[in-house]
Structure formats: structure tokens, C-alpha cells
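Asker: The structure that follows is given in the form of C-alpha cells.
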Amino acid sequence: MLEVRRVTAGYGAFTALWDVSLTVAAGEAVAVVGPNGAGKTTLMRVISGLVPSRGGELVFEGTPLTGRRAHQIVAHGIAHVPEGRRIFPGLTVAENLKMGAFLPPARRAYRQSLERVYGLFPVLAERRAQRAGSLSGGEQQMLAIGRALMSRPKLILLDEPSMGLAPVMVFRLFDLIRRVRAEGYTILVVEQNVRQVLKLVDRAYLLEVGRIRMEGRAELLSEQDFVRKAYMGL
Amino acid sequence: MSGPRLAAALAIAALVGAPFVPMGGMRQYVLHVAIQIFIWAFIGSAWSLMGRFGLVSLGHGAFLGVGAYTTVLLWNHFRLTPWLGGPAGVGLAVLVALVLGYPCFRFRVVGHYFGLVTLAVGEVVRLLIIAERDCTDGSLGLTLKTAGGDSLLAVQFADKRVFYYAALLVWLAGLWIWHRVDRSMARAALEAIGEDETAAASVGIHVTRFKLGITVASAALTAFGGALYAQYITYVNPDTLSGIGVSLKIVFAVVLGGMYSLLGPLIGTALTTALSEGLRIAFGLKFLGMAETIYGVLLIVFIIFLPAGIAGGARRLVGRRVAPVTASPA
């Protein structure tokens, strides 16, 4: 479904990603794990078009998307839930969700999508008239995911969904992501909470200082000694 | 007809009939003030079109000056009718807006930095007008050459009532445009952009296009207002139509009246005009700069206590009084 081929990207004189390749098949859940500053967020931003790549290719469902800007990528069915959630704090929950269905095809299915999102996250329905900035961190993350779902994506990019959440909330959130998965969405997730995320996904990539260090089935990766030591604290 | 619609219809009828009300010897003066208010309120609406989305321009004088000077210069030098000169001025202002806006929006010059860029552009236009003295008469300003009596082709009329109705119509058209934008998808997109550009882009909003679109619309309307003002006053001056002074005057009136409300710019313009006229009548030329000083103090007071302006503040006050009633069943 998604193919990233030998992508290089960076900011100014700094190169954050070197020759990174990865694939995500339809229906799959894939994680990219790694320490701070490994380039995980940059990778997500390259895929969603927020950061231009300097080399390599991006192919989604057979369509080359290299060099497309963010608003065009969304139209192709890739929704990005950015790091730090980035909801619209001054708009209400309902307005945030409405903005998620901004593009005409998504707008036509607005009612249906809204029901689906409220079904997945009932708390959003309860708080629909509330300003998004007044939600708790976990609720904001749900809203961010809900907003992404409103665009009727085929692939969802989740960037650090557990960031800044209380441990209890992290558990709940991963549960919810599991439910989103069960709805049939394909997911690419970036996480620092390696132990949790490896329980969620089928396959994972280990990214270190801008390079893919390792890839494989999630169980396999979590059995690797150095992964357990360095990232899972075991 | 529903309440607000009826009120609006009555208000418009009153405005249409106003020039025929006997006012003693004051008619010319009253009409003059009213025309000024309508034109500047229209320009204020044009500014708030983008200002309300966080695109705070401190250089709308650039568009005003381009619109006014283009129209007057084409008439004075080539006898080109303002019916064509005006659109030429609007076109040129759109070009300026594109040259200013595209790099800013593409490379994310936002907030204060965007304000500073616009401030500079406003000054550049003022200095250009002064520098091109051979053609524009520099800082002396330029008087519109008379067509020798009333002329529709030259848009010159001795009777102020013609300009009164023209200004009224233009102001109403400005309100209509403001209302259309307010009800459109563009408003939602621009609000989202104002909140968080990255998030807006990631839900599929073409950030650059929307920002550029609203900037161009705002610039075009402002330039049109400038052209109309020049035709009415029949004199253009770089200091009154471009540069920091007039740019801030527009911003101030809108912030005072309320930039998120339909009638905000009118309320603000009416108040600032009344203030400067009142000071002029009371003190004559004794306290030059007094009006600006009072503006400044008021601006600070307003930004602290009434950030949504008079119109926004009044609406909130009414809302508060209504709210407990709707909540009472619980």
C-alpha cells in the first residue's frame, strides 16, 4: 500500500533521514520505534508532505507521491495525526471534526464519518460543544485521531500518540487504537513507548540516527536482547 | 419579515432618505462626514476580511495608495476614465498583494513578522510615490484634473449626494462580501489556519492558496476604496493615502469597532471620525496630533478591556444577559 524507497530528508544543513525504506501493506499495522532524535517524526512528516524529501521515492497504492504537499497527500487517503496532537484549540470538538472532513469527498460522507467517530470515541460526542483546548490530554489525542478519521483515510499516520499522557491513559489509548485497527484501517505508528506499541502492531522498524537499523515481526523485535535492554527497560 | 431583517431594511431606508432631510446650512458638512465614514468603513471591512483570521496587515496603505494614485495618474496624464483606471489600480494592488503574499505564505512568515513585512510594504509605496516626483508631484500631492463640470465619464460631480449614494452602495457591497466570506468554507479553512497551520495542512487545507486568496480580495477592495476616495476628495497625497499613518488608522478603527463583527468597521470608523472632527472643531489647529494621541490611549484601553471591539463586546453583553434565561430550566 505504502512504499517509502531510500528517502533522505533534513532541515537546513542537517540531514535527519538517510536512505530510509519501508513498506506498509493494506490492513497492516506497522510501527517505527527508536530513541529521541532518531528521525521518526521527520519520517512521518515526509510521508504526509509537511517536510520535503531530498531524495528517494514515495509510492502510495501505485501512485507516486514524491514531492506532493500536505494538502494533496490527504486527498490521496493518508491522514496524519501529528506529534503533539495539534488540534484547533479555539474551535469546538464538533468544529474540529468538521475540519477533518474538509475535502469535498470527505465532506459528502460527513454524517456517516461523524457517527463512526462518535461511536469509537463516545466521550467526543459528550463534549461536542466544548472548546477543544479545554479537553484533557487523552481526549485531545482521541480528537486528533477522530479528526484524521473524518477525512476517510486508507492509511493513518500516528505520531507519538502516547506523548505526554498519564500511564493509565496510555493503556486506554492503545486499546482505542486497537479498536480503530479492528475497523479495518491501515496504521503506521511512531512511538517511544516500545513495549506497548510492539503489542499492538504486526511489524516494526527500528530507526536509529536517521537509519533503519532493523526490521521484522513485532514479536521478533521484542525478543532481541539489545532492544529489550535499550528500549523496554528489561 | 423577521426582526433583524426589518431593522436592516429600515436602517437602509433611513440612510437612503437622509440627504433629503432638511439640515439647515449643515447639509454639505453632514454629507461630507457621512461619505468619509462609508468609504473608510468599507476599507475597514476589506482590512478585517483578512485581519480577523490573524493576518494582521499594518500596510494596507500600500493598496490604498496604489488604487488611488493609479486612478488619478491615468486620468491626469492620459485622460483615461476612472471606470478603467480604477480597475487598473485594483489590478496593480492585486499584483502587489501577490508579490507580498506568496513568499510570506509559502515560507511561513506569520504573526508579528507578517505584520512587519506589510508595514515595510506600506512605507515602500509611500516612498516610491514621493520619489517619482516628476510623475506624482511627490509629497506635495496631486490634484485631480477637472473635467470641467459634472461628468459621469470622469466620475466628477459637484453634488455631494452622488458620492453619498455611491459610498453607501459600496459600503453595502462590502458588507455583502464580508457576509459571504463569513458563511463560506473559506472562513472555516482560514480559521483553522489561524489556529494551527500545520494541523490545517494535515486535514487537507491548501494553506498558501487560502491565505493568498483572502489577501488578494482584501487588497483589491482596499484599492477600490482608495480610488473612490480619490475621486471624491479630488486630491491625493502620499501621507494620507499610503504609509504607516493611514495604515494604522484603518487598523485602529476596525479594532475599536470590532473586527469579528459585520458592523464593527462602521462603528469604529464613525467613532474615530467623530473624534477627529470633534477635536478639530473644538481646538482647531492648536493641538495637532491630539487626535492621534487619544487614538493611541484608546487603542491600548480597548486591546486590554474589549479585545473584540465595541460590536463584539456589545454582543457578548447581550449574550450574557440572555444566557441565564436559557439555562434556567435545569
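For the C-alpha cells, the naming scheme is as follows: chains receive sequential letters (A, B, ...) according to their order of presentation, residues are indexed from 1 within each chain, and ligands are indexed from 1 in presentation order.
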List as a list in words the protein and nucleic acid residues near range 118-135 of chain A, meaning an atom at most 9 Å away when only C-alpha atoms are counted, but skip any in the same chain fewer than 6 places from it.
Answerer: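 My reading of the contact set: Ile87, Phe88, Pro89, Gly90, Leu91, Thr92, Val93, Ala94, Glu95, Asn96, Met142, Leu143, Gly146, Leu176, Arg179 and Val180 of chain A.
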Asker: Using only C-alpha atoms, I'd like every residue of chain B that has an atom within 12 Å of chain A; please write them out as a PyMOL selection string.
Answerer: chain B and resi 106+185-210
Asker: From a DSSP pass on the backbone, collect the residues of range 72-298 of chain B flagged as strand (DSSP E or B) and hand them back as a list in words.
Answerer: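 Result set for range 72-298 of chain B (strand (DSSP E or B)): Leu142, Thr143, Ser151, Gln156, Tyr235 and Val236 of chain B.
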Asker: So that I can see what lies close to Gly62 in chain A, please list as a list in words the residues with an atom at most 10 Å from it, counting only C-alpha atoms and leaving out residues fewer than 3 positions away in the same chain.
Answerer: Met1, Leu2, Glu3, Leu58, Val59 and Leu65 of chain A
Asker: Keeping only all heavy atoms, write those residues as a PDB file, in the first residue's frame.
Answerer:
ATOM      1  N   MET A   1       0.831  -1.198   0.000  1.00  0.00           N
ATOM      2  CA  MET A   1       0.000   0.000   0.000  1.00  0.00           C
ATOM      3  C   MET A   1       0.873   1.259   0.000  1.00  0.00           C
ATOM      4  O   MET A   1       0.787   2.090  -0.897  1.00  0.00           O
ATOM      5  CB  MET A   1      -0.858   0.003   1.259  1.00  0.00           C
ATOM      6  CG  MET A   1      -1.875   1.090   1.267  1.00  0.00           C
ATOM      7  SD  MET A   1      -2.865   0.935   2.762  1.00  0.00           S
ATOM      8  CE  MET A   1      -4.461   1.394   2.172  1.00  0.00           C
ATOM      9  N   LEU A   2       1.736   1.352   1.015  1.00  0.00           N
ATOM     10  CA  LEU A   2       2.679   2.478   1.065  1.00  0.00           C
ATOM     11  C   LEU A   2       4.092   1.954   0.904  1.00  0.00           C
ATOM     12  O   LEU A   2       4.471   0.967   1.540  1.00  0.00           O
ATOM     13  CB  LEU A   2       2.561   3.204   2.399  1.00  0.00           C
ATOM     14  CG  LEU A   2       3.602   4.320   2.613  1.00  0.00           C
ATOM     15  CD1 LEU A   2       3.254   5.545   1.793  1.00  0.00           C
ATOM     16  CD2 LEU A   2       3.720   4.680   4.078  1.00  0.00           C
ATOM     17  N   GLU A   3       4.829   2.606   0.013  1.00  0.00           N
ATOM     18  CA  GLU A   3       6.226   2.231  -0.147  1.00  0.00           C
ATOM     19  C   GLU A   3       7.092   3.464  -0.042  1.00  0.00           C
ATOM     20  O   GLU A   3       6.898   4.435  -0.767  1.00  0.00           O
ATOM     21  CB  GLU A   3       6.436   1.616  -1.540  1.00  0.00           C
ATOM     22  CG  GLU A   3       6.343   0.110  -1.556  1.00  0.00           C
ATOM     23  CD  GLU A   3       6.705  -0.400  -2.934  1.00  0.00           C
ATOM     24  OE1 GLU A   3       7.910  -0.525  -3.216  1.00  0.00           O
ATOM     25  OE2 GLU A   3       5.770  -0.634  -3.716  1.00  0.00           O
ATOM     26  N   LEU A  58       8.294   8.059  -2.895  1.00  0.00           N
ATOM     27  CA  LEU A  58       7.161   7.759  -2.042  1.00  0.00           C
ATOM     28  C   LEU A  58       6.057   7.268  -2.966  1.00  0.00           C
ATOM     29  O   LEU A  58       5.650   7.993  -3.870  1.00  0.00           O
ATOM     30  CB  LEU A  58       6.735   9.063  -1.365  1.00  0.00           C
ATOM     31  CG  LEU A  58       6.002   8.986  -0.064  1.00  0.00           C
ATOM     32  CD1 LEU A  58       6.936   8.458   1.007  1.00  0.00           C
ATOM     33  CD2 LEU A  58       5.536  10.377   0.326  1.00  0.00           C
ATOM     34  N   VAL A  59       5.599   6.021  -2.767  1.00  0.00           N
ATOM     35  CA  VAL A  59       4.551   5.495  -3.627  1.00  0.00           C
ATOM     36  C   VAL A  59       3.402   5.010  -2.749  1.00  0.00           C
ATOM     37  O   VAL A  59       3.627   4.288  -1.777  1.00  0.00           O
ATOM     38  CB  VAL A  59       5.085   4.336  -4.501  1.00  0.00           C
ATOM     39  CG1 VAL A  59       3.979   3.793  -5.401  1.00  0.00           C
ATOM     40  CG2 VAL A  59       6.270   4.798  -5.331  1.00  0.00           C
ATOM     41  N   LEU A  65       3.920   9.722  -5.025  1.00  0.00           N
ATOM     42  CA  LEU A  65       3.520  10.924  -4.285  1.00  0.00           C
ATOM     43  C   LEU A  65       4.724  11.779  -3.906  1.00  0.00           C
ATOM     44  O   LEU A  65       4.599  12.731  -3.147  1.00  0.00           O
ATOM     45  CB  LEU A  65       2.761  10.550  -3.008  1.00  0.00           C
ATOM     46  CG  LEU A  65       1.387   9.912  -3.168  1.00  0.00           C
ATOM     47  CD1 LEU A  65       0.722   9.724  -1.815  1.00  0.00           C
ATOM     48  CD2 LEU A  65       0.490  10.765  -4.053  1.00  0.00           C
TER      49      LEU A  65
END
Asker: I want to know what sits within 9 Å of Thr273 in chain B, based on only C-alpha atoms, with residues of the same chain fewer than 6 positions away left out; could you give that as a list in words?
Answerer: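 What passes the distance filter is Val33, Gln36, Ile37 and Ala253 of chain B.
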Asker: Output N, CA, C and O atoms for every residue in that selection, as a PDB file, in the first residue's frame.
Answerer:
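The resulting file, result-v6.pdb, is reproduced below:
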ATOM      1  N   VAL B  33     -19.115  64.225   5.981  1.00  0.00           N
ATOM      2  CA  VAL B  33     -18.707  63.310   7.048  1.00  0.00           C
ATOM      3  C   VAL B  33     -19.242  61.908   6.775  1.00  0.00           C
ATOM      4  O   VAL B  33     -18.535  60.904   6.923  1.00  0.00           O
ATOM      5  N   GLN B  36     -17.251  60.131   4.070  1.00  0.00           N
ATOM      6  CA  GLN B  36     -15.970  59.675   4.620  1.00  0.00           C
ATOM      7  C   GLN B  36     -16.158  58.404   5.436  1.00  0.00           C
ATOM      8  O   GLN B  36     -15.390  57.450   5.330  1.00  0.00           O
ATOM      9  N   ILE B  37     -17.202  58.406   6.268  1.00  0.00           N
ATOM     10  CA  ILE B  37     -17.423  57.242   7.131  1.00  0.00           C
ATOM     11  C   ILE B  37     -17.701  56.004   6.285  1.00  0.00           C
ATOM     12  O   ILE B  37     -17.134  54.939   6.521  1.00  0.00           O
ATOM     13  N   ALA B 253      -9.439  51.859  13.611  1.00  0.00           N
ATOM     14  CA  ALA B 253     -10.893  51.960  13.539  1.00  0.00           C
ATOM     15  C   ALA B 253     -11.528  50.576  13.637  1.00  0.00           C
ATOM     16  O   ALA B 253     -12.532  50.394  14.331  1.00  0.00           O
TER      17      ALA B 253
END
Asker: In terms of the shortest atom-to-atom distance over only C-alpha atoms, which of B:Ala220, B:Val318, B:Ala41, B:Leu15 is closest to Leu263 in chain B?
Answerer: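 Counting only C-alpha atoms, the residue closest to Leu263 in chain B is B:Ala41.
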Asker: Among range 237-316 of chain B, which residues does DSSP mark as helix (DSSP H, G or I) when it is run on the backbone? Keep the chain and numbering as in the structure and answer as number ranges by chain.
Answerer: B: 238-241, 244-257, 264-283, 290-305, 309-316
Asker: Write out as an NGL selection string each polymer residue whose atoms come within 10 Å of Gly10 in chain A, counting only C-alpha atoms; drop sequence neighbours fewer than 5 positions from it.
Answerer: :A and (15-18 or 39 or 42-43 or 46 or 51-54 or 210)
Asker: Write out as a PDB file with N, CA and C atoms, in the first residue's frame which residues come within 10 Å of Leu175 in chain B when counting only C-alpha atoms, dropping same-chain ones fewer than 2 positions away.
Answerer:
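Done, and the output landed in around13.pdb:
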ATOM      1  N   ALA B  41     -15.238  52.952   6.284  1.00  0.00           N
ATOM      2  CA  ALA B  41     -15.796  51.717   6.855  1.00  0.00           C
ATOM      3  C   ALA B  41     -15.668  50.574   5.854  1.00  0.00           C
ATOM      4  N   PHE B  42     -15.855  50.903   4.565  1.00  0.00           N
ATOM      5  CA  PHE B  42     -15.687  49.887   3.524  1.00  0.00           C
ATOM      6  C   PHE B  42     -14.243  49.386   3.516  1.00  0.00           C
ATOM      7  N   SER B  45     -13.723  47.187   6.428  1.00  0.00           N
ATOM      8  CA  SER B  45     -14.263  45.847   6.187  1.00  0.00           C
ATOM      9  C   SER B  45     -13.283  45.038   5.359  1.00  0.00           C
ATOM     10  N   ALA B  46     -12.710  45.686   4.345  1.00  0.00           N
ATOM     11  CA  ALA B  46     -11.748  44.996   3.482  1.00  0.00           C
ATOM     12  C   ALA B  46     -10.557  44.522   4.312  1.00  0.00           C
ATOM     13  N   LEU B 169     -23.605  52.627  -1.379  1.00  0.00           N
ATOM     14  CA  LEU B 169     -23.721  51.397  -2.156  1.00  0.00           C
ATOM     15  C   LEU B 169     -22.465  50.539  -2.003  1.00  0.00           C
ATOM     16  N   VAL B 170     -21.313  51.205  -2.102  1.00  0.00           N
ATOM     17  CA  VAL B 170     -20.041  50.487  -1.993  1.00  0.00           C
ATOM     18  C   VAL B 170     -19.907  49.873  -0.598  1.00  0.00           C
ATOM     19  N   TRP B 171     -20.288  50.640   0.409  1.00  0.00           N
ATOM     20  CA  TRP B 171     -20.210  50.122   1.778  1.00  0.00           C
ATOM     21  C   TRP B 171     -21.105  48.883   1.940  1.00  0.00           C
ATOM     22  N   LEU B 172     -22.339  48.983   1.398  1.00  0.00           N
ATOM     23  CA  LEU B 172     -23.252  47.835   1.489  1.00  0.00           C
ATOM     24  C   LEU B 172     -22.672  46.629   0.749  1.00  0.00           C
ATOM     25  N   ALA B 173     -22.065  46.898  -0.408  1.00  0.00           N
ATOM     26  CA  ALA B 173     -21.447  45.800  -1.163  1.00  0.00           C
ATOM     27  C   ALA B 173     -20.340  45.157  -0.329  1.00  0.00           C
ATOM     28  N   ILE B 177     -20.002  41.230   0.810  1.00  0.00           N
ATOM     29  CA  ILE B 177     -18.827  40.381   0.594  1.00  0.00           C
ATOM     30  C   ILE B 177     -18.361  39.788   1.919  1.00  0.00           C
ATOM     31  N   TRP B 178     -18.315  40.636   2.945  1.00  0.00           N
ATOM     32  CA  TRP B 178     -17.898  40.170   4.269  1.00  0.00           C
ATOM     33  C   TRP B 178     -18.794  39.019   4.721  1.00  0.00           C
ATOM     34  N   HIS B 179     -20.103  39.208   4.522  1.00  0.00           N
ATOM     35  CA  HIS B 179     -21.090  38.207   4.923  1.00  0.00           C
ATOM     36  C   HIS B 179     -20.895  36.902   4.141  1.00  0.00           C
ATOM     37  N   ARG B 180     -20.648  37.046   2.836  1.00  0.00           N
ATOM     38  CA  ARG B 180     -20.444  35.846   2.011  1.00  0.00           C
ATOM     39  C   ARG B 180     -19.235  35.053   2.489  1.00  0.00           C
ATOM     40  N   VAL B 181     -18.151  35.777   2.769  1.00  0.00           N
ATOM     41  CA  VAL B 181     -16.945  35.096   3.255  1.00  0.00           C
ATOM     42  C   VAL B 181     -17.249  34.438   4.598  1.00  0.00           C
ATOM     43  N   LEU B 262     -19.852  42.222  11.633  1.00  0.00           N
ATOM     44  CA  LEU B 262     -20.222  42.833  10.365  1.00  0.00           C
ATOM     45  C   LEU B 262     -20.160  44.360  10.443  1.00  0.00           C
ATOM     46  N   LEU B 263     -20.723  44.896  11.515  1.00  0.00           N
ATOM     47  CA  LEU B 263     -20.820  46.355  11.613  1.00  0.00           C
ATOM     48  C   LEU B 263     -19.661  46.979  12.384  1.00  0.00           C
ATOM     49  N   PRO B 265     -16.436  47.578  11.654  1.00  0.00           N
ATOM     50  CA  PRO B 265     -15.689  48.648  10.977  1.00  0.00           C
ATOM     51  C   PRO B 265     -16.479  49.951  10.877  1.00  0.00           C
ATOM     52  N   LEU B 266     -17.792  49.869  10.670  1.00  0.00           N
ATOM     53  CA  LEU B 266     -18.591  51.099  10.571  1.00  0.00           C
ATOM     54  C   LEU B 266     -18.603  51.823  11.916  1.00  0.00           C
TER      55      LEU B 266
END
Asker: Find the spatial neighbours of range 297-301 of chain B, counting only C-alpha atoms, within a cut-off of 7 Å - ignore same-chain residues fewer than 3 positions away - and output them as a compact mmCIF listing (two decimals) with N, CA and C atoms, in the first residue's frame.
Answerer:
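Heads up, here's the output in result.txt:
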# COMPACT_ATOMS: atom_id res chain seq x y z
N PHE B 252 -6.82 50.77 13.46
CA PHE B 252 -7.36 51.27 14.72
C PHE B 252 -8.88 51.30 14.70
N LEU B 256 -11.17 49.06 17.16
CA LEU B 256 -12.09 49.77 18.05
C LEU B 256 -13.51 49.28 17.87
N THR B 293 -2.94 61.05 19.59
CA THR B 293 -2.61 60.70 20.97
C THR B 293 -3.79 60.00 21.64
N ILE B 294 -4.98 60.58 21.45
CA ILE B 294 -6.17 59.97 22.05
C ILE B 294 -6.41 58.59 21.44
N ILE B 304 -6.89 45.91 25.90
CA ILE B 304 -6.90 45.25 27.20
C ILE B 304 -8.31 44.86 27.63
N PHE B 305 -9.28 45.78 27.50
CA PHE B 305 -10.59 45.53 28.09
C PHE B 305 -11.65 45.04 27.11
Asker: Nearest to Met214 in chain A among A:Met163, A:Gly77, A:Pro153, A:Phe226, with distances taken over only C-alpha atoms: which residue is it?
Answerer: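 Closest residue, counting only C-alpha atoms: A:Phe226.
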Asker: CA of Val216 in chain B and CA of Ala97 in chain B, how far apart in Å?
Answerer: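 Between these atoms lies a distance of 5.7 Å.
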Asker: Calculate how many Å separate CA of Gly17 in chain B from CA of Gly174 in chain B, rounding to one decimal.
Answerer: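 If I compute the distance from CA of Gly17 in chain B to CA of Gly174 in chain B, I get 20.4 Å.
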Asker: If you measure from CA of Phe157 in chain B to CA of Gly67 in chain B, what distance in Å do you get, rounded to one decimal?
Answerer: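 Interatomic distance here is 19.8 Å.
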